[in-house]
$ cat upload_33.txt   # compact mmCIF, C-alpha atoms
# COMPACT_ATOMS: atom_id res chain seq x y z
CA MET M 475 122.06 -94.88 166.68
CA ILE M 476 120.57 -98.07 165.41
CA GLU M 477 119.66 -96.80 161.93
CA HIS M 478 123.30 -95.98 161.24
CA VAL M 479 124.20 -99.63 161.43
CA PRO M 480 123.82 -101.27 158.03
CA MET M 481 121.23 -104.02 157.87
CA GLU M 482 123.89 -106.55 156.96
CA ASP M 483 125.81 -105.90 160.19
CA HIS M 484 122.61 -106.18 162.13
CA ARG M 485 121.90 -109.59 160.79
CA LYS M 486 125.46 -110.68 161.41
CA GLY M 487 125.26 -109.40 164.96
CA ALA M 488 122.04 -111.27 165.64
CA ALA M 489 123.41 -114.43 164.07
CA ALA M 490 126.56 -114.19 166.16
CA LEU M 491 124.46 -113.74 169.27
CA ASP M 492 122.36 -116.78 168.43
CA GLU M 493 125.45 -118.80 167.77
CA ALA M 494 126.97 -117.72 171.07
CA ARG M 495 123.78 -118.75 172.85
CA LEU M 496 123.76 -122.14 171.17
CA ARG M 497 127.40 -122.59 172.00
CA GLN M 498 126.70 -121.80 175.66
CA GLN M 499 123.89 -124.33 175.70
CA ALA M 500 126.17 -126.94 174.19
CA ILE M 501 128.79 -126.20 176.82
CA GLY M 502 126.18 -126.49 179.56
CA VAL M 503 124.98 -129.84 178.30
CA LYS M 504 128.52 -131.17 178.05
CA LEU M 505 129.40 -129.87 181.48
CA ARG M 506 126.54 -131.82 183.02
CA GLN M 507 127.40 -134.84 180.93
CA MET M 508 131.00 -134.72 182.11
CA PHE M 509 129.91 -134.52 185.74
CA ASP M 510 127.18 -137.15 185.42
CA GLU M 511 129.59 -139.53 183.75
CA VAL M 512 131.52 -139.73 186.99
CA VAL M 513 128.37 -139.75 189.13
CA ASN M 514 127.18 -142.79 187.20
CA GLU M 515 130.41 -144.71 187.59
CA PRO M 516 130.22 -147.56 190.07
CA VAL M 517 131.67 -146.47 193.41
CA PRO M 518 134.96 -148.27 194.15
CA ASP M 519 134.58 -150.78 197.02
CA GLU M 520 137.28 -148.92 198.90
CA PHE M 521 134.84 -146.18 199.84
CA LEU M 522 132.40 -148.48 201.57
CA ASP M 523 135.20 -150.50 203.15
CA ILE M 524 136.70 -147.43 204.75
CA LEU M 525 133.34 -146.28 205.99
CA ARG M 526 132.54 -149.71 207.40
CA LYS M 527 135.84 -149.80 209.28
CA ALA M 528 135.21 -146.35 210.70
CA GLU M 529 131.77 -147.36 211.82
CA THR M 530 132.99 -150.20 213.99
CA PRO M 531 136.11 -148.87 215.67
CA SER M 532 138.19 -151.43 217.52
CA GLY M 533 137.49 -151.27 221.23
CA GLU M 534 133.93 -150.13 220.82
CA ARG M 535 131.32 -152.89 220.55
CA MET Q 482 135.36 -128.12 212.34
CA SER Q 483 136.93 -128.46 215.73
CA GLU Q 484 137.95 -131.74 217.23
CA ALA Q 485 135.65 -131.03 220.14
CA GLN Q 486 132.62 -131.42 217.93
CA VAL Q 487 133.70 -134.87 216.91
CA GLY Q 488 133.22 -136.33 220.36
CA ARG Q 489 129.45 -136.64 220.45
CA SER Q 490 127.82 -136.91 223.80
CA PRO Q 491 125.18 -139.61 223.35
CA PHE Q 492 126.19 -142.61 221.29
CA ASP Q 493 123.37 -142.89 218.83
CA PRO Q 494 123.53 -145.85 216.41
CA ALA Q 495 120.18 -145.05 214.82
CA ARG Q 496 121.26 -141.54 214.00
CA ASP Q 497 124.61 -142.78 212.72
CA GLY Q 498 122.80 -145.26 210.51
CA THR Q 499 120.64 -142.56 208.98
CA PHE Q 500 123.66 -140.35 208.50
CA LYS Q 501 125.67 -143.11 206.88
CA LYS Q 502 122.89 -144.06 204.51
CA GLU Q 503 122.66 -140.51 203.23
CA LEU Q 504 126.42 -140.10 203.09
CA VAL Q 505 126.71 -143.23 200.94
CA THR Q 506 124.25 -141.82 198.39
CA LEU Q 507 126.49 -138.75 198.11
CA ILE Q 508 129.71 -140.62 197.33
CA PRO Q 509 129.20 -140.56 193.53
CA HIS Q 510 128.66 -136.80 193.65
CA LEU Q 511 131.69 -136.24 195.86
CA ARG Q 512 133.78 -138.25 193.40
CA ALA Q 513 132.53 -136.19 190.50
CA PHE Q 514 133.20 -132.88 192.24
CA ALA Q 515 136.65 -134.07 193.30
CA ARG Q 516 137.39 -135.11 189.73
CA THR Q 517 136.64 -131.64 188.43
CA LEU Q 518 138.77 -130.02 191.12
CA THR Q 519 141.82 -132.24 190.74
CA GLY Q 520 141.49 -133.29 187.10
CA ASP Q 521 143.00 -136.62 188.05
CA PRO Q 522 140.90 -139.72 188.86
CA THR Q 523 143.27 -141.20 191.46
CA ALA Q 524 143.88 -137.95 193.30
CA ALA Q 525 140.15 -137.28 193.09
CA ASP Q 526 139.23 -140.54 194.79
CA ASP Q 527 141.77 -139.89 197.54
CA LEU Q 528 140.25 -136.48 198.04
CA ALA Q 529 136.69 -137.83 198.00
CA GLN Q 530 137.62 -140.51 200.55
CA ASP Q 531 139.23 -137.96 202.84
CA ALA Q 532 136.18 -135.75 202.57
CA MET Q 533 133.86 -138.66 203.25
CA MET Q 534 135.78 -139.58 206.40
CA LYS Q 535 135.92 -135.98 207.56
CA ALA Q 536 132.17 -135.80 207.15
CA TRP Q 537 131.76 -139.05 209.06
CA ASP Q 538 133.97 -137.87 211.90
CA ALA Q 539 132.07 -134.61 212.09
CA ARG Q 540 128.63 -136.22 211.87
CA ALA Q 541 127.65 -135.03 215.34
CA SER Q 542 127.90 -131.45 214.17
CA PHE Q 543 125.63 -132.06 211.20
CA GLN Q 544 121.97 -131.37 211.62
CA LEU Q 545 120.01 -134.20 210.05
CA GLY Q 546 117.43 -132.97 207.59
CA THR Q 547 119.55 -130.05 206.37
CA ASN Q 548 121.45 -130.08 203.10
CA MET Q 549 124.03 -132.81 203.47
CA LYS Q 550 125.15 -132.56 199.87
CA ALA Q 551 126.17 -128.93 200.26
CA TRP Q 552 127.77 -129.70 203.62
CA THR Q 553 129.90 -132.53 202.27
CA PHE Q 554 130.86 -130.52 199.18
CA MET Q 555 132.04 -127.75 201.47
CA ILE Q 556 134.16 -130.24 203.43
CA LEU Q 557 135.62 -131.63 200.21
CA ARG Q 558 136.39 -128.19 198.88
CA ASN Q 559 138.12 -127.11 202.10
CA GLN Q 560 140.11 -130.29 202.07
CA PHE Q 561 141.17 -129.69 198.48
CA TYR Q 562 142.38 -126.17 199.10
CA SER Q 563 144.22 -127.04 202.28
CA GLU Q 564 146.05 -129.77 200.39
CA LYS Q 565 146.66 -127.53 197.42
CA ARG Q 566 148.32 -124.94 199.58
CA ARG Q 567 150.87 -127.59 200.41
CA SER Q 568 151.69 -128.41 196.83
CA TRP Q 569 152.46 -126.65 193.60
CA ARG Q 570 151.97 -129.72 191.48
CA GLN Q 571 148.43 -128.80 190.53
CA SER Q 572 149.38 -125.53 188.90
CA GLN Q 573 151.84 -127.37 186.71
CA LEU Q 574 149.11 -129.79 185.65
CA ASP Q 575 146.86 -126.86 184.79
CA GLN Q 576 149.53 -125.36 182.61
CA GLU Q 577 150.17 -128.60 180.73
CA ALA Q 578 146.49 -129.14 180.17
CA ALA Q 579 146.13 -125.61 178.89
CA GLU Q 580 148.89 -126.04 176.39
CA ARG Q 581 147.47 -129.29 175.09
CA THR Q 582 144.07 -127.66 174.63
CA LEU Q 583 145.36 -124.98 172.36
CA VAL Q 584 146.96 -127.48 170.04
CA ALA Q 585 143.60 -129.06 169.39
CA VAL Q 586 142.09 -128.27 166.04
CA ASP Q 587 138.35 -128.11 166.06
CA ASP Q 588 135.52 -127.78 163.63
CA PRO Q 589 133.44 -124.86 164.92
CA GLU Q 590 130.26 -126.65 163.85
CA ALA Q 591 131.11 -129.77 165.79
CA PRO Q 592 129.57 -130.36 169.19
CA VAL Q 593 131.84 -129.61 172.12
CA ALA Q 594 134.05 -132.62 172.70
CA LEU Q 595 134.28 -133.82 176.27
CA ASP Q 596 138.05 -133.96 176.37
CA GLU Q 597 138.27 -130.51 174.95
CA LEU Q 598 135.88 -129.25 177.60
CA ARG Q 599 137.81 -130.97 180.34
CA LEU Q 600 141.06 -129.39 179.24
CA SER Q 601 139.48 -125.99 178.80
CA LEU Q 602 137.99 -126.20 182.28
CA ALA Q 603 141.47 -126.80 183.62
CA MET Q 604 142.51 -123.45 182.19
CA LEU Q 605 139.97 -121.48 184.19
CA PRO Q 606 140.95 -119.83 187.44
CA PRO Q 607 139.99 -122.33 190.18
CA GLU Q 608 137.32 -120.12 191.75
CA GLN Q 609 135.57 -119.73 188.40
CA ARG Q 610 135.83 -123.41 187.63
CA GLU Q 611 134.31 -124.54 190.91
CA ALA Q 612 131.49 -122.01 190.71
CA LEU Q 613 130.58 -123.14 187.22
CA ILE Q 614 130.73 -126.82 188.16
CA LEU Q 615 128.59 -126.39 191.26
CA VAL Q 616 125.90 -124.39 189.50
CA GLY Q 617 126.18 -125.69 185.96
CA ALA Q 618 126.70 -129.38 186.66
CA GLY Q 619 126.22 -130.10 190.35
CA GLY Q 620 122.69 -128.76 190.44
CA PHE Q 621 123.27 -126.27 193.24
CA ALA Q 622 121.45 -122.98 193.55
CA TYR Q 623 123.62 -119.86 193.59
CA GLU Q 624 122.88 -119.53 197.31
CA GLU Q 625 124.08 -123.06 198.03
CA ALA Q 626 127.19 -122.61 195.91
CA ALA Q 627 127.94 -119.42 197.82
CA GLU Q 628 127.70 -121.31 201.08
CA ILE Q 629 129.98 -124.07 199.80
CA CYS Q 630 132.60 -121.61 198.56
CA GLY Q 631 132.27 -119.31 201.54
CA CYS Q 632 131.54 -116.21 199.50
CA ALA Q 633 128.66 -113.88 198.61
CA VAL Q 634 125.89 -114.94 196.24
CA GLY Q 635 126.75 -112.09 193.89
CA THR Q 636 130.33 -113.29 193.76
CA VAL Q 637 129.20 -116.75 192.69
CA LYS Q 638 126.96 -115.27 190.01
CA SER Q 639 129.75 -113.20 188.58
CA ARG Q 640 132.21 -116.11 188.71
CA VAL Q 641 129.77 -118.36 186.89
CA SER Q 642 129.16 -115.85 184.14
CA ARG Q 643 132.87 -115.12 183.75
CA ALA Q 644 133.59 -118.83 183.64
CA ARG Q 645 130.98 -119.36 180.94
CA ARG Q 646 132.43 -116.60 178.81
CA ALA Q 647 136.01 -117.69 179.34
CA LEU Q 648 135.18 -121.31 178.50
CA GLN Q 649 133.52 -120.27 175.31
CA ALA Q 650 136.45 -118.07 174.37
CA ILE Q 651 138.93 -120.83 175.07
CA LEU Q 652 136.96 -123.40 173.11
CA GLU Q 653 136.61 -121.09 170.16
CA ALA Q 654 140.27 -120.16 170.24
CA GLY Q 655 141.16 -123.83 170.05
CA ALA Q 656 140.29 -123.50 166.36
CA TYR Q 657 142.11 -120.33 165.49
CA ASP Q 658 145.40 -121.17 167.14
CA ARG Q 659 146.30 -123.34 164.13
CA ASP Q 660 148.48 -120.52 162.79
CA GLY Q 661 151.04 -121.37 165.40
CA ALA Q 662 151.14 -118.51 167.88
CA ALA Q 663 152.85 -119.65 171.05
CA ALA Q 664 150.23 -121.63 172.94
CA GLY Q 665 151.03 -120.13 176.31
CA ASP Q 666 150.86 -116.55 175.09
CA ALA Q 667 147.66 -117.24 173.21
CA MET Q 668 146.07 -118.67 176.30
CA TYR Q 669 146.90 -115.66 178.41
CA ALA Q 670 145.63 -113.35 175.70
CA ILE Q 671 142.36 -115.25 175.57
CA LEU Q 672 141.92 -115.24 179.29
CA ALA Q 673 142.73 -111.56 179.47
CA ASP Q 674 140.19 -110.87 176.74
CA ALA Q 675 137.53 -112.93 178.43
CA GLU Q 676 138.26 -111.16 181.68
CA ARG Q 677 138.05 -107.75 180.06
CA LEU Q 678 134.79 -108.60 178.30
CA SER Q 679 133.24 -109.90 181.47
CA THR Q 680 134.01 -106.72 183.37
CA LEU Q 681 132.34 -104.65 180.67
CA ARG Q 682 128.97 -106.27 181.22
$ encode --input "upload_33.txt" --output "structure tokens"
Amino acid sequence: MIEHVPMEDHRKGAAALDEARLRQQAIGVKLRQMFDEVVNEPVPDEFLDILRKAETPSGER
Amino acid sequence: MSEAQVGRSPFDPARDGTFKKELVTLIPHLRAFARTLTGDPTAADDLAQDAMMKAWDARASFQLGTNMKAWTFMILRNQFYSEKRRSWRQSQLDQEAAERTLVAVDDPEAPVALDELRLSLAMLPPEQREALILVGAGGFAYEEAAEICGCAVGTVKSRVSRARRALQAILEAGAYDRDGAAAGDAMYAILADAERLSTLR
């Protein structure tokens, strides 16, 4: 099978595969970057305020 | 989570303190996950706050020392889908985002732009998007992602690989859509192609 494929096509195929792999890596890196960008944002005070209020319910303590 | 579990028997401030400390460290991650699910910062923070409070209320049912990150992500995810069932707004947002993506002209040699990625992510079916985010960005193992999504490990693996292929196809198509094919049609063609390709392998 393989020897019927012209060398040129082979090289193109391999190059395309490499490019696809690189592209996937780039997407992976960006995906993490996108997520980490939010993780690294300062947490709005609201979050801790709400939690603090919940922790000391009126009536208890 | 039943209401019954919320009423803990012994009041335990020390345990609550430990729980809270860990929960607080997870807030940034919950916000990030919520952002990817909703695509909207304000809605995401509402969702993350709801999830945080649900986790707090259910703290008695959580076993300290087990994976709190996965547990809270599961709560957030359930919250998201129960809200989503009540509203169709999100699907409209997805559609708009998808159409904007396809208008973008991109140099294939250029690194993937963040905005472009964000918009392309919005085009993925939700179950593929969340699987890819959990594994590809959230740092979860396939097994943990499966637990969070309530499905089999193999299902997560296949969703992640389909999502990767579809994302790539969408990003690449962003360049060739310059010729002016209707954006909506093009998107469905791309997704159908990606889907077909992923079932072949």
$ interface_residues --input "upload_33.txt" --of "chain M" --to "chain Q" --cutoff "6 Å" --atoms "all atoms listed in the file" --output "PDB file with C-alpha atoms, in the coordinates of the input"
ATOM      1  CA  LEU M 505     129.400-129.870 181.480  1.00  0.00           C
ATOM      2  CA  ARG M 506     126.540-131.820 183.020  1.00  0.00           C
ATOM      3  CA  PHE M 509     129.910-134.520 185.740  1.00  0.00           C
ATOM      4  CA  VAL M 512     131.520-139.730 186.990  1.00  0.00           C
ATOM      5  CA  VAL M 513     128.370-139.750 189.130  1.00  0.00           C
TER       6      VAL M 513
END
$ atom_distance --input "upload_33.txt" --atom1 "atom CA of Gln560 of chain Q" --atom2 "atom CA of Leu525 of chain M"
17.8 Å
$ closest_residue --input "upload_33.txt" --among "Q:Ser601, Q:Ala612, Q:Thr506, Q:Leu528" --to "Pro516 of chain M" --atoms "only C-alpha atoms"
Q:Thr506
$ atom_distance --input "upload_33.txt" --atom1 "atom CA of Leu491 of chain M" --atom2 "atom CA of Ala654 of chain Q"
17.1 Å
$ atom_distance --input "upload_33.txt" --atom1 "atom CA of Gly635 of chain Q" --atom2 "atom CA of Tyr623 of chain Q"
8.4 Å
$ residues_around --input "upload_33.txt" --residues "segment 624-633 of chain Q" --least-positions-apart "5" --cutoff "9 Å" --atoms "only C-alpha atoms" --output "list of chain:residue names"
Q:Ala551, Q:Trp552, Q:Thr553, Q:Phe554, Q:Met555, Q:Ile556, Q:Arg558, Q:Asn559, Q:Glu608, Q:Glu611, Q:Ala612, Q:Leu615, Q:Val616, Q:Lys638
$ build_atoms --input "upload_33.txt" --residues "segment 599-625 of chain Q" --atoms "N, CA and C atoms" --output "CSV table (one decimal), in the frame of the given file"
chain,number,residue,atom,x,y,z
Q,599,ARG,N,137.1,-130.7,179.1
Q,599,ARG,CA,137.8,-131.0,180.3
Q,599,ARG,C,139.1,-130.2,180.4
Q,600,LEU,N,139.8,-130.1,179.3
Q,600,LEU,CA,141.1,-129.4,179.2
Q,600,LEU,C,140.8,-127.9,179.3
Q,601,SER,N,139.8,-127.4,178.7
Q,601,SER,CA,139.5,-126.0,178.8
Q,601,SER,C,139.1,-125.6,180.2
Q,602,LEU,N,138.4,-126.5,180.9
Q,602,LEU,CA,138.0,-126.2,182.3
Q,602,LEU,C,139.2,-126.0,183.1
Q,603,ALA,N,140.2,-126.8,182.8
Q,603,ALA,CA,141.5,-126.8,183.6
Q,603,ALA,C,142.2,-125.5,183.5
Q,604,MET,N,141.9,-124.7,182.4
Q,604,MET,CA,142.5,-123.4,182.2
Q,604,MET,C,141.9,-122.3,183.0
Q,605,LEU,N,140.7,-122.5,183.5
Q,605,LEU,CA,140.0,-121.5,184.2
Q,605,LEU,C,140.6,-121.3,185.6
Q,606,PRO,N,140.5,-120.0,186.1
Q,606,PRO,CA,141.0,-119.8,187.4
Q,606,PRO,C,140.1,-120.7,188.3
Q,607,PRO,N,140.7,-121.3,189.4
Q,607,PRO,CA,140.0,-122.3,190.2
Q,607,PRO,C,138.6,-121.8,190.7
Q,608,GLU,N,138.6,-120.6,191.1
Q,608,GLU,CA,137.3,-120.1,191.8
Q,608,GLU,C,136.2,-120.0,190.7
Q,609,GLN,N,136.6,-119.8,189.5
Q,609,GLN,CA,135.6,-119.7,188.4
Q,609,GLN,C,135.1,-121.2,188.0
Q,610,ARG,N,136.1,-122.0,188.0
Q,610,ARG,CA,135.8,-123.4,187.6
Q,610,ARG,C,134.9,-124.0,188.6
Q,611,GLU,N,135.2,-123.9,189.9
Q,611,GLU,CA,134.3,-124.5,190.9
Q,611,GLU,C,132.9,-123.9,190.9
Q,612,ALA,N,132.8,-122.6,190.7
Q,612,ALA,CA,131.5,-122.0,190.7
Q,612,ALA,C,130.7,-122.5,189.5
Q,613,LEU,N,131.3,-122.6,188.4
Q,613,LEU,CA,130.6,-123.1,187.2
Q,613,LEU,C,130.2,-124.6,187.4
Q,614,ILE,N,131.0,-125.4,188.0
Q,614,ILE,CA,130.7,-126.8,188.2
Q,614,ILE,C,129.6,-127.0,189.1
Q,615,LEU,N,129.6,-126.2,190.2
Q,615,LEU,CA,128.6,-126.4,191.3
Q,615,LEU,C,127.2,-126.0,190.7
Q,616,VAL,N,127.2,-124.9,190.0
Q,616,VAL,CA,125.9,-124.4,189.5
Q,616,VAL,C,125.5,-125.1,188.2
Q,617,GLY,N,126.5,-125.2,187.3
Q,617,GLY,CA,126.2,-125.7,186.0
Q,617,GLY,C,126.1,-127.2,185.8
Q,618,ALA,N,126.7,-127.9,186.8
Q,618,ALA,CA,126.7,-129.4,186.7
Q,618,ALA,C,126.2,-130.0,188.0
Q,619,GLY,N,126.5,-129.5,189.1
Q,619,GLY,CA,126.2,-130.1,190.4
Q,619,GLY,C,124.8,-129.9,190.8
Q,620,GLY,N,124.1,-129.0,190.1
Q,620,GLY,CA,122.7,-128.8,190.4
Q,620,GLY,C,122.5,-127.9,191.7
Q,621,PHE,N,123.4,-127.1,192.1
Q,621,PHE,CA,123.3,-126.3,193.2
Q,621,PHE,C,122.7,-124.9,192.8
Q,622,ALA,N,121.9,-124.4,193.7
Q,622,ALA,CA,121.4,-123.0,193.6
Q,622,ALA,C,122.6,-122.0,193.8
Q,623,TYR,N,122.5,-120.8,193.3
Q,623,TYR,CA,123.6,-119.9,193.6
Q,623,TYR,C,123.9,-119.7,195.1
Q,624,GLU,N,122.8,-119.7,195.9
Q,624,GLU,CA,122.9,-119.5,197.3
Q,624,GLU,C,123.7,-120.7,197.9
Q,625,GLU,N,123.4,-121.9,197.5
Q,625,GLU,CA,124.1,-123.1,198.0
Q,625,GLU,C,125.6,-123.0,197.6
